[in-house]
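Participant: Would you mind keeping the following structure in view while I ask a few things?
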Amino acid sequence: MSAILAIVKKDVLQWTRRPLYFFSSVLLGVLILTLLGNTISGVAEMPFGLYDPGNVSELDKQLEASKKFRVIKYDSLDGAKNALKDGKIVALANVDQDLLEDSVQIISEGYNPLVDDQISMGLLNALTQKSGDLSLPISSGTLFPVKFDLRDYMTPGLAAYLCYVLACMNLGFSWIYEWMEKTYRQIILTPNGLRSAIIAKTFTVTVEASLVLWLALLVSAPMAGFQIGQNIPGIMGVTVISMFCFACLGLGVASLLRTIRIYTMTISIFGVAVMFVSGIIVPVEGMPLWEQYFARSFPMYYAADAFKGVMLGIPAHYGLDVLVLTAWAIVGMSIATLLLKHRQAAL
Amino acid sequence: MSKLTNATKDSMTETGMSRPTSGDELQQAAIQTFDLCKSFGDRQVVDHLNLKIYPGELYALLGDNGAGKTTTIGMLTTLLKPTSGTFSICGFDGRKQPEKAKGMFGIVSQDIAIYQELTAYENLKFIADLHGIKSGIANERIKDLLQRAGLADRAHDRAGVFSGGMQRKLTIAGALLHSPRVLFMDEPTVGLDPASRRQIWESLKEFRAMGVTILLTTHYLEEAELLADRIGVFREGRLVAEGTIEELRHQIRGIRGIAVRLTEWHDSERIEKMMAEIRTMFGEANFDHLRNTINLSQPGDGELVNTLQRVLAWLSDNKISFSRFATSEPTLEEVFLAISTDVNQGGAV
């Protein structure tokens with residue numbers, strides 16, 4: 001126990017000696033939560049052209065009210081099309097001026113599916129919200145009455161992704177760095193030194209990375225305008241167990257790869273791939289079956305599920321989440337212990 | 001010195017380390033290996049090493065790069081698993097009781113293993129905490145070791161700003177913090193300037209005087225010659241020669257030289273005749289025409305005094321006058337080279 005405490009104390013001391021590293025980590029968290037979150041949750045006030053000189057549809061009021069669109073009116077259809085061509089607007093609604101026709105044609109540039117998706121989503125949003133006013137046979141409903149939008153929904157998933165990035169990177173870098181510097185030798189040559197080093201390192205990284213994430217959430221929430229909910233103990237608990245899981249996995253991978261260059265490349269590429277399939281951006285249920293199996297094999301999916309539960313109050317499978325995260329932590333730690341025992345001489 | 005010895009005893013009690021206490025155990029070797037072998041694939045790096053180093057002894061292991069010195073240290077410090085054979089550190093079986101053996105030794109490796117962001121004091125305090133040494137005793141010992149290392153006035157400076165020599169001295173202080181009974185030093189002076197090397201040599205002498213058993217591996221033959229009680233010559237994983245420097249010198253045939261500078265200059269025919277006679281009597285010999293000197297080697301099986309008497313008798317019988325008569329001791333480098341050459345040629349030493 002004294003050895004574990006000594007390593008923790010030393011790590012904390014080192015941590016305080018390089019504040020730039022800590023603040024850079026917080027900045028990374030803030031950037032991901034604000035920029036990435038905003039981008040993937042859909043932009044607001046898209047410039048949307050409207051050709052309805054006779055004001056037949058009153059579509060401008062409905063679109064503006066959805067806050068998804070900023071409507072720019074055009075008296076000439078050609079002028080509106082030129083504006084679309086020049087990129088001044090992302091789409092154009094051409095309202096038939098014949099009152100009996102009652103038809104609207106949506107025109108977009110056509111070569112950017114992502115923009116088309118955003119327009120479709122925005123229009124669907126506006127239409128379902130205003131279906132009554134527009135006398136449309138369309139309506140929306142939810143099983144669970146929630147008060148959050150897509151931006152809020154994205155944040156827990158990004159928090160899970162940040163757990164992966166912060167814990168894996170922090171642990172991998174510091175472990176491999178000390179490995180290269182040969183400073184582990186004096187630790188592992190004390191009785192039970194290797195075991196103490198593994199426990200202490202995963203503990204300090206869990207604490208440090210958790211603090212970074214909480215600080216990033218606190219800074220980003222008012223800036224980006226997302227909610228983090230009221231369940232603070234829940235958020236802290238999910239953060240700690242997720243960080244611990246990824247720290248253990250990072251240690252396992254670091255023990256295997258042993259060089260910062262290969263480790264960084266592997267963790268970065270794998271992290272991005274897993275983020276896309278873990279239900280953070282696109283619901284897992286909407287993916288091909290093989291991708292669903294892939295997603296459900298990795299801990300990020302379960303971390304995201306637990307974060308959504310505690311931050312948004314939506315149903316989550318906490319028991320399964322904790323079980324899987326713990327199982328992966330054990331796997332990571334076992335791999336690390338096994339490999340490091342055989343590679344002690346290199347430490 | 002006595003303060004440190006007492007502190008050692010205190011720390012042993014505090015850290016709960018158990019030590020062999022019976023009379024027999026205290027007499028036993030501090031480090032002992034029994035047919036210790038290590039192979040990496042088909043390559044035999046250490047080949048049936050049998051080593052016995054006694055308490056308080058400074059034993060130098062000499063060998064070329066790749067001779068197996070560092071691998072031996074790796075096994076003795078429990079970092080590398082031997083392929084076969086066993087070893088003990090202060091009576092603890094290194095393979096069966098590695099955690100207990102670990103408490104007995106300190107190690108100074110070729111690398112400077114210190115935390116650059118931490119001060120000298122913090123580095124040592126960390127090691128003291130690792131070993132569970134109580135704060136009061138740890139502080140006293142840190143102060144003492146920093147003093148000995150000449151770093152007392154730099155205790156609160158970050159280790160990252162220290163010179164290479166200072167960092168190495170800090171590493172050595174760290175290895176001694178838990179008052180180990182055995183100290184492994186794997187080329188501790190490599191890359192240091194002469195002044196720093198000398199400081200470390202002084203420290204080593206002091207540690208040996210304190211009763212610490214030291215196993216030193218080095219490339220520097222002068223280091224081994226100056227410091228070691230016994231020397232082991234390692235070649236291709238095998239201990240090819242072992243003993244004190246005197247014993248090693250004795251083991252080398254014809255390495256002790258005898259030089260006789262003649263007073264008169266003789267013609268070639270006379271010199272040839274003399275040399276033929278000398279070679280018959282003493283074996284290898286040559287004549288230095290420039291210095292008018294006969295150089296011959298003492299036969300390996302003969303005593304020096306007898307050899308000298310025979311040479312003097314021969315000079316007297318042949319009425320050869322000389323102005324200078326000198327004997328020379330082989331340096332360790334000569335011994336090492338002779339042993340290495342002999343082993344390479346398949347000869348026995």
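In the structure tokens, each chain is lettered A, B, ... as it comes, each chain's residues begin at 1, and ligands are numbered from 1 in order of appearance.
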Show me, as a ChimeraX atom specification, every residue of chain A with an atom at most 10 Å from chain B, counting only C-alpha atoms.
Facilitator: /A:1-10,13-18,178,180-193,196,341-347
Participant: Quick one: everything within 6 Å of region 231-245 of chain A, counting only C-alpha atoms, minus sequence neighbours fewer than 5 positions away in the same chain. Send it as a list in words.
Facilitator: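 Here the qualifying residues turn out to be Cys163, Ala167, Thr206, Ala303, Val310, Leu325 and Ala329 of chain A.
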Participant: Could you tell me how far CA of Ser179 (chain B) sits from CA of Leu76 (chain B), in Å to one decimal place?
Facilitator: 18.0 Å
Participant: Give the alpha helix (DSSP H) residues of region 134-277 of chain B, as DSSP finds them on the backbone, and put them as a PyMOL selection string.
Facilitator: chain B and resi 135-148+164-176+194-209+221-227+245-251+268-277
Participant: I need the residues from that last selection saved to file as an mmCIF file, in the first residue's frame (with C-alpha atoms), if you can.
Facilitator:
```
data_model
loop_
_atom_site.group_PDB
_atom_site.id
_atom_site.type_symbol
_atom_site.label_atom_id
_atom_site.label_comp_id
_atom_site.auth_asym_id
_atom_site.auth_seq_id
_atom_site.Cartn_x
_atom_site.Cartn_y
_atom_site.Cartn_z
ATOM 1 C CA SER B 135 9.289 9.998 7.194
ATOM 2 C CA GLY B 136 11.688 11.005 9.993
ATOM 3 C CA ILE B 137 14.220 8.309 9.177
ATOM 4 C CA ALA B 138 13.813 8.903 5.447
ATOM 5 C CA ASN B 139 14.554 12.610 5.825
ATOM 6 C CA GLU B 140 17.627 11.892 7.906
ATOM 7 C CA ARG B 141 18.912 9.408 5.367
ATOM 8 C CA ILE B 142 18.130 11.652 2.395
ATOM 9 C CA LYS B 143 20.043 14.465 4.049
ATOM 10 C CA ASP B 144 22.980 12.149 4.663
ATOM 11 C CA LEU B 145 23.023 10.713 1.143
ATOM 12 C CA LEU B 146 22.700 14.126 -0.493
ATOM 13 C CA GLN B 147 25.578 15.284 1.639
ATOM 14 C CA ARG B 148 27.706 12.330 0.556
ATOM 15 C CA GLY B 164 24.981 14.123 -16.092
ATOM 16 C CA GLY B 165 27.379 13.430 -13.231
ATOM 17 C CA MET B 166 25.064 14.961 -10.642
ATOM 18 C CA GLN B 167 22.119 13.003 -12.011
ATOM 19 C CA ARG B 168 24.121 9.781 -11.807
ATOM 20 C CA LYS B 169 25.102 10.565 -8.230
ATOM 21 C CA LEU B 170 21.449 11.169 -7.423
ATOM 22 C CA THR B 171 20.600 7.787 -8.990
ATOM 23 C CA ILE B 172 23.223 6.107 -6.816
ATOM 24 C CA ALA B 173 21.897 7.874 -3.728
ATOM 25 C CA GLY B 174 18.428 6.565 -4.632
ATOM 26 C CA ALA B 175 19.722 3.018 -4.940
ATOM 27 C CA LEU B 176 21.225 3.243 -1.465
ATOM 28 C CA PRO B 194 36.910 11.962 -15.317
ATOM 29 C CA ALA B 195 36.135 14.147 -12.289
ATOM 30 C CA SER B 196 32.642 12.668 -11.904
ATOM 31 C CA ARG B 197 34.002 9.156 -12.354
ATOM 32 C CA ARG B 198 36.499 9.717 -9.581
ATOM 33 C CA GLN B 199 33.761 11.017 -7.279
ATOM 34 C CA ILE B 200 31.729 7.893 -7.932
ATOM 35 C CA TRP B 201 34.753 5.691 -7.302
ATOM 36 C CA GLU B 202 35.196 7.409 -3.952
ATOM 37 C CA SER B 203 31.548 6.728 -3.159
ATOM 38 C CA LEU B 204 31.969 3.074 -4.101
ATOM 39 C CA LYS B 205 34.945 2.715 -1.782
ATOM 40 C CA GLU B 206 32.889 4.252 0.975
ATOM 41 C CA PHE B 207 29.945 1.912 0.376
ATOM 42 C CA ARG B 208 32.252 -1.071 0.429
ATOM 43 C CA ALA B 209 33.694 0.166 3.712
ATOM 44 C CA LEU B 221 39.641 -1.781 -16.725
ATOM 45 C CA GLU B 222 41.295 0.849 -14.563
ATOM 46 C CA GLU B 223 38.032 1.122 -12.640
ATOM 47 C CA ALA B 224 38.038 -2.587 -11.883
ATOM 48 C CA GLU B 225 41.750 -2.565 -11.095
ATOM 49 C CA LEU B 226 41.361 0.343 -8.710
ATOM 50 C CA LEU B 227 38.218 -0.742 -6.921
ATOM 51 C CA ILE B 245 44.130 -8.840 -9.845
ATOM 52 C CA GLU B 246 47.256 -10.576 -8.505
ATOM 53 C CA GLU B 247 45.766 -13.998 -9.081
ATOM 54 C CA LEU B 248 44.761 -13.066 -12.583
ATOM 55 C CA ARG B 249 48.235 -11.786 -13.341
ATOM 56 C CA HIS B 250 49.647 -15.089 -12.143
ATOM 57 C CA GLN B 251 47.286 -16.949 -14.395
ATOM 58 C CA SER B 268 74.667 -9.124 -34.341
ATOM 59 C CA GLU B 269 76.278 -12.558 -34.229
ATOM 60 C CA ARG B 270 76.859 -12.304 -30.482
ATOM 61 C CA ILE B 271 73.350 -11.037 -29.886
ATOM 62 C CA GLU B 272 71.823 -13.857 -31.903
ATOM 63 C CA LYS B 273 73.786 -16.379 -29.880
ATOM 64 C CA MET B 274 72.715 -14.764 -26.601
ATOM 65 C CA MET B 275 69.068 -14.662 -27.593
ATOM 66 C CA ALA B 276 69.079 -18.301 -28.691
ATOM 67 C CA GLU B 277 70.399 -19.260 -25.271
#
```
Participant: Could you check how far CA of Met223 (chain A) sits from CA of Lys147 (chain A), in Å to one decimal?
Facilitator: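 CA of Met223 (chain A) sits 19.1 Å away from CA of Lys147 (chain A).
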Participant: If you measure from CA of Lys67 (chain A) to CA of Tyr161 (chain A), what distance in Å do you get, rounded to one decimal?
Facilitator: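 Distance reported for this atom pair: 28.6 Å.
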Participant: My list of candidates is B:Ser84, B:Gln44, B:Thr280, B:Asn65. Which is closest to Tyr220 (chain B) when distances are computed with only C-alpha atoms?
Facilitator: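 Nearest to Tyr220 (chain B): B:Asn65.
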